[in-house]
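One file, start_20.cif, is given below (mmCIF, C-alpha atoms and all ligand atoms).
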```cif
data_input
#
loop_
_atom_site.label_atom_id
_atom_site.label_comp_id
_atom_site.auth_asym_id
_atom_site.auth_seq_id
_atom_site.Cartn_x
_atom_site.Cartn_y
_atom_site.Cartn_z
CA MET X 11 0.00 0.00 0.00
CA GLU X 12 1.26 3.48 -0.84
CA LYS X 13 2.45 5.35 2.25
CA LYS X 14 0.94 8.67 3.31
CA ASN X 15 2.93 11.78 2.62
CA ILE X 16 4.17 12.41 6.19
CA ASP X 17 7.50 13.83 7.34
CA TRP X 18 8.26 10.65 9.29
CA ALA X 19 11.68 11.71 10.54
CA ASN X 20 10.30 14.78 12.31
CA LEU X 21 7.28 13.29 14.04
CA GLY X 22 6.89 13.95 17.74
CA PHE X 23 4.72 11.98 20.17
CA THR X 24 1.43 13.63 19.19
CA TYR X 25 -1.93 12.49 17.85
CA ILE X 26 -2.35 12.38 14.08
CA GLU X 27 -5.66 11.01 12.89
CA THR X 28 -5.50 7.87 10.76
CA ASP X 29 -8.19 6.36 8.50
CA LYS X 30 -9.73 3.54 10.52
CA ARG X 31 -10.32 2.56 14.13
CA PHE X 32 -11.78 -0.57 15.71
CA VAL X 33 -14.82 -0.48 17.96
CA ALA X 34 -16.67 -3.24 19.80
CA HIS X 35 -19.65 -2.71 22.13
CA TYR X 36 -20.49 -4.61 25.30
CA GLN X 37 -24.24 -4.73 25.92
CA ASP X 38 -26.57 -7.15 27.71
CA GLY X 39 -23.60 -9.07 29.06
CA ALA X 40 -21.80 -9.76 25.76
CA TRP X 41 -19.35 -8.19 23.29
CA ASP X 42 -20.60 -7.71 19.71
CA ASP X 43 -18.39 -8.68 16.74
CA GLY X 44 -16.78 -5.26 16.50
CA GLU X 45 -15.91 -3.42 13.30
CA LEU X 46 -13.58 -0.90 11.72
CA VAL X 47 -15.12 2.56 11.42
CA GLU X 48 -14.09 5.88 9.89
CA ASP X 49 -15.53 8.33 12.39
CA SER X 50 -12.91 9.39 14.94
CA ASN X 51 -15.52 10.90 17.27
CA VAL X 52 -17.07 8.97 20.14
CA VAL X 53 -20.61 9.93 21.13
CA ILE X 54 -21.64 8.82 24.62
CA ASN X 55 -24.18 9.81 27.25
CA GLU X 56 -23.32 12.76 29.49
CA CYS X 57 -23.48 10.47 32.53
CA ALA X 58 -21.28 7.69 31.08
CA GLY X 59 -19.23 5.85 33.71
CA VAL X 60 -15.98 7.01 32.11
CA LEU X 61 -16.96 10.68 32.34
CA GLN X 62 -18.17 10.60 35.93
CA TYR X 63 -16.02 8.03 37.72
CA CYS X 64 -13.12 7.48 35.30
CA GLN X 65 -13.94 3.85 34.54
CA ALA X 66 -11.37 3.40 31.80
CA CYS X 67 -8.19 1.52 31.02
CA PHE X 68 -5.86 1.41 28.03
CA GLU X 69 -2.84 -0.21 26.45
CA GLY X 70 0.03 0.95 24.27
CA MET X 71 2.11 -0.91 21.68
CA LYS X 72 3.76 -0.16 18.36
CA ALA X 73 3.70 -1.49 14.81
CA TYR X 74 7.06 -1.51 12.99
CA THR X 75 8.21 -1.98 9.42
CA THR X 76 10.98 -4.55 9.45
CA GLU X 77 14.15 -4.44 7.38
CA ASP X 78 12.57 -6.91 4.90
CA GLY X 79 9.37 -4.87 4.57
CA ARG X 80 6.96 -6.77 6.81
CA ILE X 81 4.72 -4.96 9.28
CA VAL X 82 4.90 -6.44 12.78
CA THR X 83 3.71 -5.71 16.29
CA PHE X 84 5.66 -6.66 19.39
CA ARG X 85 4.13 -9.15 21.87
CA PRO X 86 0.51 -7.93 21.58
CA ASP X 87 -0.65 -10.98 23.54
CA LEU X 88 1.03 -9.48 26.63
CA ASN X 89 -0.84 -6.21 26.14
CA ALA X 90 -4.06 -8.21 25.81
CA GLN X 91 -3.39 -10.04 29.05
CA ARG X 92 -2.47 -6.85 30.89
CA MET X 93 -5.65 -5.18 29.66
CA ALA X 94 -7.63 -8.16 30.94
CA ASP X 95 -5.98 -7.64 34.34
CA SER X 96 -6.79 -3.90 34.22
CA ALA X 97 -10.42 -4.58 33.28
CA ALA X 98 -10.88 -7.10 36.07
CA ARG X 99 -9.52 -4.68 38.68
CA LEU X 100 -11.87 -1.94 37.44
CA GLU X 101 -14.96 -4.21 37.34
CA MET X 102 -15.08 -4.02 33.56
CA PRO X 103 -15.76 -6.95 31.24
CA VAL X 104 -12.64 -8.58 29.78
CA PHE X 105 -12.13 -8.35 26.01
CA PRO X 106 -10.80 -11.83 25.20
CA VAL X 107 -7.05 -12.10 24.50
CA GLU X 108 -7.38 -13.72 21.05
CA ARG X 109 -9.99 -11.17 19.98
CA PHE X 110 -7.76 -8.34 21.20
CA VAL X 111 -4.83 -9.57 19.11
CA ASP X 112 -7.08 -10.07 16.08
CA ALA X 113 -8.49 -6.53 16.47
CA VAL X 114 -4.93 -5.12 16.64
CA VAL X 115 -4.05 -6.94 13.41
CA GLN X 116 -7.20 -5.66 11.67
CA THR X 117 -6.65 -2.07 12.79
CA VAL X 118 -2.96 -1.94 11.87
CA ARG X 119 -3.66 -3.56 8.50
CA ALA X 120 -6.41 -1.01 7.78
CA ASN X 121 -3.95 1.82 8.54
CA SER X 122 -0.86 0.31 6.93
CA ALA X 123 -0.33 3.47 4.87
CA TYR X 124 0.50 5.14 8.18
CA VAL X 125 3.05 2.59 9.36
CA PRO X 126 6.32 4.51 9.02
CA PRO X 127 8.90 3.06 6.62
CA TYR X 128 11.88 1.06 7.89
CA GLY X 129 14.70 3.29 9.02
CA SER X 130 12.58 6.43 9.42
CA GLY X 131 12.88 6.43 13.21
CA ALA X 132 9.09 6.54 13.54
CA THR X 133 6.51 3.85 14.36
CA LEU X 134 2.74 3.46 14.38
CA TYR X 135 1.55 3.72 17.97
CA VAL X 136 -1.40 1.44 18.70
CA ARG X 137 -3.70 2.46 21.54
CA PRO X 138 -6.37 -0.05 22.62
CA TYR X 139 -8.72 1.37 25.25
CA MET X 140 -11.93 0.53 27.03
CA PHE X 141 -14.45 2.61 28.95
CA GLY X 142 -17.81 2.52 30.68
CA SER X 143 -20.26 4.07 28.21
CA SER X 144 -23.66 3.75 29.88
CA PRO X 145 -24.98 6.24 32.48
CA VAL X 146 -24.16 5.79 36.18
CA ILE X 147 -24.86 8.30 38.91
CA GLY X 148 -24.48 6.17 42.02
CA VAL X 149 -20.90 4.94 42.31
CA LYS X 150 -21.03 1.59 40.54
CA PRO X 151 -19.71 -0.06 37.38
CA ALA X 152 -21.43 0.82 34.07
CA ASP X 153 -23.58 -1.80 32.32
CA GLU X 154 -22.24 -1.04 28.85
CA TYR X 155 -18.68 -0.58 27.52
CA GLN X 156 -16.76 0.18 24.37
CA PHE X 157 -13.46 -1.45 23.43
CA ARG X 158 -11.63 0.60 20.84
CA ILE X 159 -8.26 0.73 19.10
CA LEU X 160 -6.86 3.89 17.57
CA THR X 161 -3.53 4.25 15.80
CA THR X 162 -1.30 7.27 15.29
CA PRO X 163 2.18 7.58 13.78
CA VAL X 164 4.76 8.75 16.34
CA GLY X 165 8.38 9.73 16.73
CA PRO X 166 10.38 9.78 20.00
CA TYR X 167 8.46 10.27 23.27
CA PHE X 168 11.11 12.57 24.74
CA LYS X 169 12.19 15.59 22.72
CA GLY X 170 15.79 15.35 21.62
CA GLY X 171 15.64 11.59 20.95
CA VAL X 172 18.41 9.87 22.86
CA LYS X 173 19.72 12.85 24.81
CA PRO X 174 19.98 11.75 28.49
CA LEU X 175 17.16 12.95 30.72
CA THR X 176 17.15 14.77 34.03
CA ILE X 177 14.71 13.32 36.55
CA CYS X 178 13.56 14.66 39.89
CA VAL X 179 12.46 12.68 42.92
CA SER X 180 8.81 13.60 43.38
CA ASP X 181 7.12 14.59 46.62
CA PHE X 182 3.86 13.25 45.16
CA ASP X 183 2.92 9.57 45.20
CA ARG X 184 1.90 7.77 42.05
CA ALA X 185 0.25 4.70 43.55
CA ALA X 186 -0.87 3.35 46.91
CA PRO X 187 0.40 -0.03 48.15
CA HIS X 188 -2.87 -1.85 47.45
CA GLY X 189 -4.18 0.56 44.83
CA THR X 190 -4.13 0.58 41.02
CA GLY X 191 -0.45 1.24 40.22
CA HIS X 192 -0.01 -2.22 38.68
CA ILE X 193 -2.77 -1.77 36.09
CA LYS X 194 -3.10 0.65 33.20
CA ALA X 195 -6.03 2.68 34.51
CA GLY X 196 -6.57 6.15 33.06
CA LEU X 197 -6.95 7.49 36.59
CA ASN X 198 -3.25 6.77 37.30
CA TYR X 199 -2.36 9.19 34.53
CA ALA X 200 -4.90 11.86 35.49
CA MET X 201 -3.31 12.10 38.91
CA SER X 202 0.20 12.29 37.41
CA LEU X 203 -0.54 15.42 35.35
CA HIS X 204 0.02 17.92 38.14
CA PRO X 205 3.29 16.31 39.36
CA VAL X 206 4.69 16.08 35.82
CA MET X 207 3.77 19.67 34.98
CA GLU X 208 5.42 20.79 38.22
CA ALA X 209 8.52 18.80 37.23
CA HIS X 210 8.58 20.47 33.80
CA ARG X 211 8.09 23.92 35.35
CA ASN X 212 11.12 23.18 37.53
CA GLY X 213 13.21 22.17 34.51
CA TYR X 214 13.03 18.35 34.81
CA ASP X 215 11.99 15.88 32.13
CA GLU X 216 10.14 13.45 34.40
CA ASN X 217 9.48 12.37 37.99
CA MET X 218 10.88 9.45 39.89
CA TYR X 219 8.11 8.22 42.18
CA LEU X 220 8.99 6.44 45.41
CA ASP X 221 6.98 3.77 47.23
CA ALA X 222 4.16 5.53 49.05
CA ALA X 223 4.47 3.51 52.27
CA THR X 224 8.11 4.23 53.16
CA ARG X 225 9.29 6.69 50.51
CA THR X 226 12.65 4.92 50.44
CA LYS X 227 12.32 2.69 47.36
CA VAL X 228 12.33 3.49 43.64
CA GLU X 229 9.04 2.83 41.86
CA GLU X 230 8.82 4.25 38.32
CA THR X 231 8.05 7.41 36.36
CA GLY X 232 4.62 8.48 35.10
CA GLY X 233 5.01 6.44 31.91
CA ALA X 234 8.00 4.12 32.13
CA ASN X 235 9.87 1.67 34.40
CA PHE X 236 13.47 2.18 35.54
CA LEU X 237 16.46 0.04 34.57
CA PHE X 238 19.83 0.45 36.26
CA VAL X 239 23.22 -1.01 35.40
CA THR X 240 25.82 -1.70 38.08
CA GLY X 241 29.56 -1.05 37.72
CA ASP X 242 30.04 -4.76 36.90
CA ASN X 243 27.28 -4.79 34.25
CA THR X 244 24.38 -6.36 36.15
CA VAL X 245 21.02 -5.05 34.94
CA VAL X 246 18.77 -4.20 37.89
CA THR X 247 15.09 -3.24 37.81
CA PRO X 248 12.82 -2.36 40.74
CA LYS X 249 10.38 -4.98 41.99
CA SER X 250 7.15 -3.58 43.38
CA GLY X 251 3.48 -4.51 43.47
CA SER X 252 2.47 -0.96 42.65
CA ILE X 253 4.32 -0.33 39.37
CA LEU X 254 3.08 -1.19 35.90
CA PRO X 255 4.63 -4.49 34.76
CA SER X 256 6.27 -3.08 31.63
CA ILE X 257 6.40 -5.39 28.64
CA THR X 258 9.49 -3.55 27.39
CA ARG X 259 11.19 -4.09 30.76
CA ARG X 260 10.34 -7.80 30.80
CA SER X 261 11.67 -8.11 27.24
CA LEU X 262 14.87 -6.17 28.04
CA MET X 263 15.60 -8.36 31.05
CA TYR X 264 15.29 -11.40 28.78
CA VAL X 265 17.49 -9.78 26.14
CA ALA X 266 20.11 -8.82 28.76
CA GLU X 267 20.31 -12.37 30.04
CA HIS X 268 19.86 -14.46 26.90
CA TYR X 269 21.27 -12.26 24.12
CA LEU X 270 23.93 -10.26 25.95
CA GLY X 271 24.90 -12.76 28.65
CA LEU X 272 24.47 -10.22 31.45
CA LYS X 273 23.34 -10.88 35.01
CA VAL X 274 19.86 -9.53 35.75
CA GLU X 275 18.11 -8.77 39.04
CA GLU X 276 14.52 -7.78 39.70
CA ARG X 277 14.54 -6.60 43.30
CA GLU X 278 13.70 -3.74 45.60
CA VAL X 279 15.91 -0.76 44.79
CA TYR X 280 16.51 1.83 47.49
CA LEU X 281 16.87 5.49 46.61
CA GLU X 282 20.00 5.49 48.77
CA GLU X 283 21.77 3.02 46.48
CA VAL X 284 20.95 4.75 43.19
CA ASN X 285 24.18 6.68 43.59
CA ASP X 286 26.12 3.44 43.14
CA PHE X 287 24.78 2.58 39.67
CA ALA X 288 26.79 3.24 36.51
CA GLU X 289 23.85 3.72 34.12
CA CYS X 290 20.15 4.44 34.32
CA GLY X 291 17.37 4.34 31.74
CA LEU X 292 13.60 4.56 31.42
CA CYS X 293 11.92 1.77 29.53
CA GLY X 294 8.50 1.46 27.96
CA THR X 295 6.73 1.27 24.62
CA ALA X 296 6.81 5.03 24.16
CA ALA X 297 10.17 5.58 25.90
CA VAL X 298 11.86 2.47 24.33
CA ILE X 299 14.99 2.96 26.48
CA SER X 300 15.63 6.59 27.20
CA PRO X 301 18.91 7.20 29.02
CA VAL X 302 18.88 9.11 32.30
CA GLY X 303 21.93 11.27 32.95
CA LYS X 304 20.99 12.81 36.28
CA ILE X 305 18.54 12.36 39.14
CA VAL X 306 17.93 15.24 41.53
CA ASP X 307 16.70 14.41 45.05
CA HIS X 308 15.81 17.68 46.79
CA GLY X 309 18.94 19.45 45.65
CA ARG X 310 21.22 16.39 45.93
CA GLU X 311 22.43 15.56 42.43
CA ILE X 312 23.07 11.99 41.41
CA VAL X 313 25.02 12.13 38.16
CA PHE X 314 25.59 8.77 36.51
CA PRO X 315 29.11 8.01 35.26
CA SER X 316 27.55 7.42 31.81
CA GLY X 317 26.92 11.19 31.82
CA MET X 318 24.66 13.65 30.04
CA ALA X 319 26.25 13.38 26.58
CA GLU X 320 25.07 9.97 25.37
CA MET X 321 23.67 6.57 26.33
CA GLY X 322 25.81 4.40 28.59
CA PRO X 323 27.41 1.37 26.88
CA VAL X 324 25.11 -1.30 28.37
CA THR X 325 21.98 0.81 27.82
CA LYS X 326 23.08 1.25 24.21
CA LYS X 327 23.56 -2.50 23.69
CA LEU X 328 20.14 -3.17 25.19
CA TYR X 329 18.59 -0.50 22.97
CA GLU X 330 20.24 -1.83 19.84
CA THR X 331 19.33 -5.43 20.55
CA LEU X 332 15.70 -4.73 21.41
CA THR X 333 15.09 -2.42 18.45
CA GLY X 334 17.02 -4.88 16.26
CA ILE X 335 14.55 -7.60 17.26
CA GLN X 336 11.56 -5.29 16.72
CA MET X 337 12.77 -4.22 13.27
CA GLY X 338 13.69 -7.75 12.20
CA ARG X 339 17.48 -7.25 12.08
CA ILE X 340 18.06 -9.70 14.93
CA GLU X 341 16.18 -12.97 15.30
CA ALA X 342 13.31 -12.65 17.77
CA PRO X 343 12.49 -15.21 20.43
CA GLU X 344 9.60 -17.48 19.43
CA GLY X 345 6.27 -15.65 19.52
CA TRP X 346 7.56 -12.11 20.07
CA LEU X 347 6.63 -10.69 16.66
CA LYS X 348 3.11 -10.81 15.32
CA VAL X 349 3.22 -10.33 11.55
CA ILE X 350 0.32 -8.22 10.28
N1 LIG X 401 4.98 2.33 33.45
C1 LIG X 401 3.96 3.12 33.13
C2 LIG X 401 3.32 3.90 34.20
C3 LIG X 401 3.50 3.18 31.80
O1 LIG X 401 2.49 3.97 31.46
C4 LIG X 401 4.15 2.41 30.82
C5 LIG X 401 3.69 2.44 29.43
O2 LIG X 401 2.96 1.61 28.99
C6 LIG X 401 5.21 1.60 31.21
C7 LIG X 401 5.60 1.58 32.53
C8 LIG X 401 5.92 0.75 30.21
O3 LIG X 401 5.17 -0.38 29.87
P1 LIG X 401 5.35 -1.08 28.47
O4 LIG X 401 6.77 -1.43 28.34
O5 LIG X 401 4.48 -2.28 28.56
O6 LIG X 401 4.90 -0.11 27.45
C1 LIG X 402 3.29 3.61 26.52
O1 LIG X 402 4.51 3.58 26.63
O2 LIG X 402 2.69 2.96 25.65
C2 LIG X 402 2.46 4.37 27.41
O3 LIG X 402 1.31 4.11 27.50
C3 LIG X 402 3.05 5.45 28.17
C4 LIG X 402 2.33 6.72 27.96
C5 LIG X 402 2.79 7.65 29.01
C6 LIG X 402 2.51 7.27 26.59
#
```

As structure tokens, what does this structure read like?
Ligand code: PLP
Ligand code: COI
Amino acid sequence: MEKKNIDWANLGFTYIETDKRFVAHYQDGAWDDGELVEDSNVVINECAGVLQYCQACFEGMKAYTTEDGRIVTFRPDLNAQRMADSAARLEMPVFPVERFVDAVVQTVRANSAYVPPYGSGATLYVRPYMFGSSPVIGVKPADEYQFRILTTPVGPYFKGGVKPLTICVSDFDRAAPHGTGHIKAGLNYAMSLHPVMEAHRNGYDENMYLDAATRTKVEETGGANFLFVTGDNTVVTPKSGSILPSITRRSLMYVAEHYLGLKVEEREVYLEEVNDFAECGLCGTAAVISPVGKIVDHGREIVFPSGMAEMGPVTKKLYETLTGIQMGRIEAPEGWLKVI
């Protein structure tokens, strides 16, 4: 299919409308077949559960053009499973995993003219989402829902591409110990808007949130997990029940161990020990791996030896191996790429 005339290399992380989106409706206790539609507007009742009590969850993944010209998505079955977990926690009906993956394939295929060409540095961001669409006024789950998938071509999430970021330790909490931090609920992002705008106003790129109970352990940022590298090249990532289980992070830990032969540890990480790490990065679908050069904790500066000029060497190897797998330059583990 002929590609759209878009300046792929200069895309930011913003919404650009594409031709088709998927929509399925849940009514009378069952999902309908769903279909691709052209209208990008959603019309719902003024008292819809999503508008009043934020009953909504979402997912994020990307479609890539590989070196040999195929269009692929990366581990969409894991996004489907995580959305099922989110839905269950929010008392929403689950959209079945196989149907989710099929709907992703249909939607990406219908918008293949918007999948950026290989080597352009851009990707097609795929955003499945679900919300309560029927009216509720007492606090309770809606009776009706919509599951939708929109797509939009994107460039790097952080301006400046791979320039190392400066992060500040936030005084706000992102998630409570037995709350919703481990699922992809829209409400987690609503509450992060004020802290992240404060961070930007103070000259930082993002927040590091700490565990709400003790405020001594590293959790994550508003939209990505942390990865650290020790002086002897062990890859360390925080373990917590209140962070989003990043699919990128799980994949990178596998890549570190099985492709790069590095030691990996998923464990509690104390703010006090961050000083000892050689490299730091943020990982996620949107962030890929974005290097962190500096973390500021109430005036105390933690500058990583990898510095503010470029990615540290281990972060770079992880980045190159993961993106190599996603773009088909490096053989993927069984089941990681779903060809569209
Ligand atoms: N943490 C948060 C809060 C996120 O929003 C995301 C993005 O999805 C991630 C981590 C990274 O998750 P993934 O790698 O599955 O995109
Ligand atoms: C993603 O990485 O897909 C996300 O959902 C993060 C979001 C902050 C853009």

Let me have the centre and edge lengths in Å, one decimal, of the box along x, y and z around every listed atom of ligand LIG 402 (chain X) with 3 Å of margin on each side, as JSON.
```
{"center_x": 2.9, "center_y": 5.3, "center_z": 27.3, "size_x": 9.2, "size_y": 10.7, "size_z": 9.4}
```

For Arg277 (chain X), list every protein, DNA or RNA residue within 12 Å, evaluated using all atoms listed in the file, and leave out those in the same chain fewer than 6 positions away; present the list as a PDB file with C-alpha atoms, keeping the file's coordinate frame.
```
ATOM      1  CA  LYS X 227      12.320   2.690  47.360  1.00  0.00           C
ATOM      2  CA  VAL X 228      12.330   3.490  43.640  1.00  0.00           C
ATOM      3  CA  GLU X 229       9.040   2.830  41.860  1.00  0.00           C
ATOM      4  CA  PHE X 236      13.470   2.180  35.540  1.00  0.00           C
ATOM      5  CA  LEU X 237      16.460   0.040  34.570  1.00  0.00           C
ATOM      6  CA  PHE X 238      19.830   0.450  36.260  1.00  0.00           C
ATOM      7  CA  VAL X 245      21.020  -5.050  34.940  1.00  0.00           C
ATOM      8  CA  VAL X 246      18.770  -4.200  37.890  1.00  0.00           C
ATOM      9  CA  THR X 247      15.090  -3.240  37.810  1.00  0.00           C
ATOM     10  CA  PRO X 248      12.820  -2.360  40.740  1.00  0.00           C
ATOM     11  CA  LYS X 249      10.380  -4.980  41.990  1.00  0.00           C
ATOM     12  CA  SER X 250       7.150  -3.580  43.380  1.00  0.00           C
ATOM     13  CA  GLY X 251       3.480  -4.510  43.470  1.00  0.00           C
TER      14      GLY X 251
END
```

message: as JSON, numbers by chain, please: every protein or nucleic acid residue near ligand LIG 401 (chain X) (cut-off 7 Å, counting only C-alpha atoms and all ligand atoms).
response: {"X": [69, 70, 71, 194, 230, 231, 232, 233, 234, 235, 253, 254, 255, 256, 257, 258, 259, 293, 294, 295, 296]}

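Relative to CA of Ala222 (chain X), CA of Thr190 (chain X) is found at 12.6 Å.
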
- line: CA of Cys290 (chain X) to CA of Val239 (chain X) measures 6.3 Å

message: Please report the interatomic distance between CA of Phe168 (chain X) and CA of Ala66 (chain X) in Å with one decimal.
response: 25.3 Å

message: Set the distance at 6 Å and use all atoms listed in the file: which residues neighbour Ala132 (chain X) once local chain neighbours fewer than 3 positions away are removed? I'd like the list as a PyMOL selection string.
response: chain X and resi 18+126+164-165

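Among the candidates X:Asn212, X:Ser96, X:Thr76, X:Asn121, the one nearest to Val47 (chain X) when counting all atoms listed in the file is X:Asn121.
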
message: I'd like the contact shell of region 307-312 of chain X - 9 Å cut-off, all atoms listed in the file, skipping same-chain residues fewer than 2 positions apart - returned as number ranges by chain.
response: X: 177-180, 284-285, 303-305, 314

Would you save the residues of that selection, restricted to C-alpha atoms, as a compact mmCIF listing (two decimals), in the coordinates of the input?
```txt
# COMPACT_ATOMS: atom_id res chain seq x y z
CA ILE X 177 14.71 13.32 36.55
CA CYS X 178 13.56 14.66 39.89
CA VAL X 179 12.46 12.68 42.92
CA SER X 180 8.81 13.60 43.38
CA VAL X 284 20.95 4.75 43.19
CA ASN X 285 24.18 6.68 43.59
CA GLY X 303 21.93 11.27 32.95
CA LYS X 304 20.99 12.81 36.28
CA ILE X 305 18.54 12.36 39.14
CA PHE X 314 25.59 8.77 36.51
```

Nearest-residue call for Asn55 (chain X), choices X:Leu100, X:Met93, X:Glu77, X:Gly142, using all atoms listed in the file: X:Gly142

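Of the listed residues X:Tyr167, X:Tyr155, X:Tyr63, X:Phe84, the one whose atoms come nearest to ligand LIG 402 (chain X) is X:Tyr167, with distances taken using all atoms listed in the file.
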
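Among the candidate residues X:Met102, X:Ile147, X:Cys67, X:Val302, the one lying nearest to ligand LIG 402 (chain X) is X:Cys67, with distances computed using only C-alpha atoms and all ligand atoms.
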
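For the choices X:Leu175, X:Val136, X:Met321, X:Ile350, the atom-to-atom distance to ligand LIG 402 (chain X) is smallest for X:Val136 when using all atoms listed in the file.
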
With N, CA and C atoms as the target, complete region 298-316 of chain X and hand it back as a compact mmCIF listing (two decimals), in the coordinates of the input.
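The file below, part.txt, is the result:
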```txt
# COMPACT_ATOMS: atom_id res chain seq x y z
N VAL X 298 10.92 3.52 24.79
CA VAL X 298 11.86 2.47 24.33
C VAL X 298 12.88 2.28 25.46
N ILE X 299 14.15 2.74 25.30
CA ILE X 299 14.99 2.96 26.48
C ILE X 299 15.50 4.37 26.32
N SER X 300 15.13 5.22 27.22
CA SER X 300 15.63 6.59 27.20
C SER X 300 16.64 6.72 28.33
N PRO X 301 17.88 7.12 27.99
CA PRO X 301 18.91 7.20 29.02
C PRO X 301 18.64 8.33 30.01
N VAL X 302 18.98 8.08 31.26
CA VAL X 302 18.88 9.11 32.30
C VAL X 302 20.30 9.51 32.67
N GLY X 303 20.58 10.81 32.63
CA GLY X 303 21.93 11.27 32.95
C GLY X 303 22.05 11.69 34.41
N LYS X 304 20.91 12.20 34.94
CA LYS X 304 20.99 12.81 36.28
C LYS X 304 19.66 12.66 37.00
N ILE X 305 19.74 12.37 38.29
CA ILE X 305 18.54 12.36 39.14
C ILE X 305 18.77 13.37 40.26
N VAL X 306 17.78 14.22 40.49
CA VAL X 306 17.93 15.24 41.53
C VAL X 306 16.95 14.93 42.65
N ASP X 307 17.51 14.74 43.86
CA ASP X 307 16.70 14.41 45.05
C ASP X 307 16.79 15.60 46.01
N HIS X 308 15.83 16.50 45.92
CA HIS X 308 15.81 17.68 46.79
C HIS X 308 17.17 18.38 46.86
N GLY X 309 17.68 18.70 45.70
CA GLY X 309 18.94 19.45 45.65
C GLY X 309 20.17 18.56 45.58
N ARG X 310 20.06 17.31 46.01
CA ARG X 310 21.22 16.39 45.93
C ARG X 310 21.26 15.82 44.52
N GLU X 311 22.35 16.03 43.82
CA GLU X 311 22.43 15.56 42.43
C GLU X 311 23.12 14.21 42.34
N ILE X 312 22.45 13.28 41.69
CA ILE X 312 23.07 11.99 41.41
C ILE X 312 23.37 11.99 39.92
N VAL X 313 24.64 12.11 39.57
CA VAL X 313 25.02 12.13 38.16
C VAL X 313 25.63 10.77 37.84
N PHE X 314 25.07 10.10 36.84
CA PHE X 314 25.59 8.77 36.51
C PHE X 314 26.90 8.90 35.75
N PRO X 315 27.82 7.95 35.98
CA PRO X 315 29.11 8.01 35.26
C PRO X 315 28.91 8.03 33.75
N SER X 316 27.80 7.42 33.26
CA SER X 316 27.55 7.42 31.81
C SER X 316 27.35 8.84 31.28
```
